[in-house]
Amino acid sequence: MRRSGSPFTGVGAIALKEAADHMTSARMHMIMLLVILTALGAVYGSIGRLRDTTAEDAYLFLKLFTVAQDPLPSFAAFLGFLLPLVSIALGFDAINGEFNRRTMSRVLAQPIYRDAMLFGKFLGGLIVLAVSLLTLWLLMVGLGMLFLGLPPSGGDIVRSVAWLVVTLAYAGVWLALAIALSTLIRTPATSALAALSVWLILAVFWGMVAPLVAGVVAPVDPLEPASILNSFEWRQAISRLSPQTLYGEVTGILLDPAARSVGPLFMHQLHGAVIGSPLPTGQSLLIVWPQISALIAAMLALFTAAYVVFQRQEIRA
Amino acid sequence: MRTIQHLLAAALGASLIVPSPLLAQETDARAQSELQGLWLTTSWPELKIKPGETHSVSLSLRNEKLPPQRASIEISGVPEGWEWALKGGGRDVSAAIVSPDSTERLTLELTPPQDAGTDDAHAIEVRAQTARETITLPLLVSLSQAEEDVTGLSLEPELPALRGTARSTFSFKVKVKNEGAEDGLFNLAASVPNGFQTRFKKGYGSEEITGLPIAAGATETVTMEVVPSRGVAAGRYEAGLEVSGEGMSSTVQLSLEVTGEPQIRIVGPQERLSGEAVAGKEASFTFTLVNTGTAPASDVELNATPPAGWKVEFEPKDIAQIAPNEAREFNVRMTPSEQAIAGDYMVGIRTSNDVVSENVQFRVTVKTSTLWGAAGLGVIAAAALVMGGAVMRYGRR
């Protein structure tokens, strides 16, 4: 029997309801409180640093995101570390939670398709993430204006908004991963643990794994300079499997207009180059465009996997 | 052996000593012929002076090979109504003591009254009286009303005409001789065309001066440096040097020949020294070469110092001739290296011939190709297609 109609009927309703549920949940409140507190600490530290050290800088506001005062990492580094936690908190029980509460069949008893259910869950999570990120961004800019006494320049705004969009894609990757695991695994606790271990491996241990694997695949021969480069490239390629690395590279280029490359640079490329001159925003975006597209594509691929698994599941439990 | 050496030395010594009595006799004879005594002298014992003005007559008292001599100085024969004073060391004196082999200088100041009759010669006698003798020095002073036309200064340029470019410094060395009777401070003044700068220096010194003291009869070298104004046209210019002071003045005419000189300047596209290029793609910029000098520049070569791996070509490769105030355009085609990273690079552009050279730094903002951007979009599109396929295949359940 061929069913008719759009598979996406009711996506909006589910997404908005899901977002509303998240916004009022104690879980979300706790985790956002954590994020906002750490972010405030990081910004306060960076403002202190900026007022002490920076003389004149065309991109002063971008430094708010990247400058760190010693015990605290920078705001961008905080987000790179904590955003996966927020996403996992939003998505780890998206599907299996519905089963456990026995609400899945009730929702699907409504005149909507299953597609709308999963898309709505994902979009609802993304809406919540977007709202939180925008709030954080406005908070940062406001604090910057308050303490530095300067309005952000046009270039600052464009670059930081682009960075915000990439941050959303990065959070989306982790959200898609958490939702995929929640469709695969029936117990919410197990799926949360699975998502957290993936996060731990990719965020914390990947920096140790990549050199190990690169050493095995392309061993360094001290007498052969080319092998050092080869090994380095392997290490970079392997570490780029982690979204954390990709996001770090995007941050480094977008928030530092003087940065010109993410890979190894050779002397002949630097001959005659004017070091420290800012790049046009479009050129900075072009440098990290592969990273950005990888993040977006990973988000889509993970979601598609979740979708395929969910569509083929037996849900009349 | 040793004794023989001693004998030889003794013989040699004897031969050297033998002529000594002869030498002693000679020096004695010379000493007796040398002068000995006390003299009162002046350089110009007969002189003409003008009424109403104070004139100084310098006297010197010389003691040659005598013990210190005290001499009382008396003046007699000064006409009625004249004022006079005898000065030594700036004070009125009437006696002097002269050490052996030295000279004391005294000055007799004479001031005839304004209405003194002219054309009379007055014999004035200066007497120096010591314990042993009296020395007299007769002076013959006459009055003359006529204004004496004594220049007393002579200027002699070493090289009266010099040649150079508008940027050279023309150094004229002029010998100034004070032929007057007195030491004096002389002012230096130059008359040069408008816009020319002048400096005076003494001899080879480095201090700039405005005047210099010259002793009577002495010669000093003055260096007059003339710097033409930058934009001066080629040609011949006159410069005058006037030295004046102590009632004397003298001028000398000097000449400068300024030759033309090419001077080139590179002007970037739209007067900017920056441009954009895409890595691995050729970009063309139109530069302008301007000759701001006063002579044509010929065979101007165009060169570039690009970053490694870049290709820079000029069209035309060189410029055969460019006249003063003429502008000539040339194209620079740059191909940044394929591996150039996005951002700014400096490319040096140099033009030179055997006379002049000029270089500028051209800042090229390298942009990378958007091909990889399209590839990234392709990856995203592929992911979206897979998702769409999944929706088509498994959708609507």
# chains A, B, ... in the order shown; residues from 1 in each chain; ligands from 1
>>> closest_atom_pairs(of="chain B", to="chain A", cutoff="8 Å", atoms="only C-alpha atoms", output="JSON lines")
{"residue": "B:Pro306", "atom": "CA", "partner": "A:Gly272", "partner_atom": "CA", "distance": 7.2}
{"residue": "B:Pro307", "atom": "CA", "partner": "A:Gly272", "partner_atom": "CA", "distance": 4.8}
{"residue": "B:Ala308", "atom": "CA", "partner": "A:His268", "partner_atom": "CA", "distance": 5.5}
{"residue": "B:Gly309", "atom": "CA", "partner": "A:His268", "partner_atom": "CA", "distance": 7.4}
{"residue": "B:Gln339", "atom": "CA", "partner": "A:Gln269", "partner_atom": "CA", "distance": 6.5}
{"residue": "B:Ala340", "atom": "CA", "partner": "A:Gln269", "partner_atom": "CA", "distance": 5.5}
{"residue": "B:Ile341", "atom": "CA", "partner": "A:Arg260", "partner_atom": "CA", "distance": 6.6}
{"residue": "B:Ala342", "atom": "CA", "partner": "A:Arg260", "partner_atom": "CA", "distance": 6.2}
{"residue": "B:Gly343", "atom": "CA", "partner": "A:Leu279", "partner_atom": "CA", "distance": 5.4}
{"residue": "B:Asp344", "atom": "CA", "partner": "A:Val274", "partner_atom": "CA", "distance": 5.3}
{"residue": "B:Tyr345", "atom": "CA", "partner": "A:Ala273", "partner_atom": "CA", "distance": 4.0}
{"residue": "B:Met346", "atom": "CA", "partner": "A:Gly272", "partner_atom": "CA", "distance": 5.2}
{"residue": "B:Val347", "atom": "CA", "partner": "A:Gly272", "partner_atom": "CA", "distance": 7.0}
{"residue": "B:Lys367", "atom": "CA", "partner": "A:Gln283", "partner_atom": "CA", "distance": 6.5}
{"residue": "B:Thr368", "atom": "CA", "partner": "A:Gln283", "partner_atom": "CA", "distance": 7.1}
{"residue": "B:Thr370", "atom": "CA", "partner": "A:Leu286", "partner_atom": "CA", "distance": 7.1}
{"residue": "B:Trp372", "atom": "CA", "partner": "A:Pro290", "partner_atom": "CA", "distance": 7.4}
{"residue": "B:Gly373", "atom": "CA", "partner": "A:Trp289", "partner_atom": "CA", "distance": 6.1}
{"residue": "B:Gly376", "atom": "CA", "partner": "A:Ser293", "partner_atom": "CA", "distance": 5.2}
{"residue": "B:Leu377", "atom": "CA", "partner": "A:Ser293", "partner_atom": "CA", "distance": 6.7}
{"residue": "B:Val379", "atom": "CA", "partner": "A:Ala297", "partner_atom": "CA", "distance": 6.5}
{"residue": "B:Ile380", "atom": "CA", "partner": "A:Ala297", "partner_atom": "CA", "distance": 4.9}
{"residue": "B:Ala383", "atom": "CA", "partner": "A:Ala297", "partner_atom": "CA", "distance": 5.5}
{"residue": "B:Ala384", "atom": "CA", "partner": "A:Leu300", "partner_atom": "CA", "distance": 6.6}
{"residue": "B:Val386", "atom": "CA", "partner": "A:Thr304", "partner_atom": "CA", "distance": 7.4}
{"residue": "B:Met387", "atom": "CA", "partner": "A:Thr304", "partner_atom": "CA", "distance": 5.2}
{"residue": "B:Ala390", "atom": "CA", "partner": "A:Val308", "partner_atom": "CA", "distance": 6.5}
{"residue": "B:Val391", "atom": "CA", "partner": "A:Asp115", "partner_atom": "CA", "distance": 7.8}
{"residue": "B:Tyr394", "atom": "CA", "partner": "A:Gln311", "partner_atom": "CA", "distance": 6.1}
{"residue": "B:Gly395", "atom": "CA", "partner": "A:Asp115", "partner_atom": "CA", "distance": 6.3}
{"residue": "B:Arg396", "atom": "CA", "partner": "A:Pro7", "partner_atom": "CA", "distance": 5.1}
{"residue": "B:Arg397", "atom": "CA", "partner": "A:Tyr113", "partner_atom": "CA", "distance": 5.6}
>>> residues_around(residues="range 66-81 of chain B", least_positions_apart="2", cutoff="10 Å", atoms="only C-alpha atoms", output="ChimeraX atom specification")
/B:36-38,40,61-64,83-86,93-102,106,108,110-116,122-139,141
>>> closest_residue(among="A:Pro111, A:Gly207, A:Gly41, A:Gly91", to="Leu126 in chain A", atoms="only C-alpha atoms")
A:Gly91
>>> residues_around(residues="range 229-236 of chain A", least_positions_apart="6", cutoff="12 Å", atoms="only C-alpha atoms", output="JSON, numbers by chain")
{"A": [206, 207, 208, 209, 210, 211, 212, 213, 214, 215, 216, 217, 218, 219, 220, 221, 222, 242, 245, 246, 249, 262, 263, 264, 265, 266]}
>>> residues_around(residues="range 188-199 of chain A", least_positions_apart="6", cutoff="7 Å", atoms="only C-alpha atoms", output="number ranges by chain")
A: 88, 92-93, 96-97, 178, 181-182
>>> residues_around(residues="Phe78 in chain A", least_positions_apart="3", cutoff="9 Å", atoms="only C-alpha atoms", output="PyMOL selection string")
chain A and resi 35+38-39+42+72-75+81-83
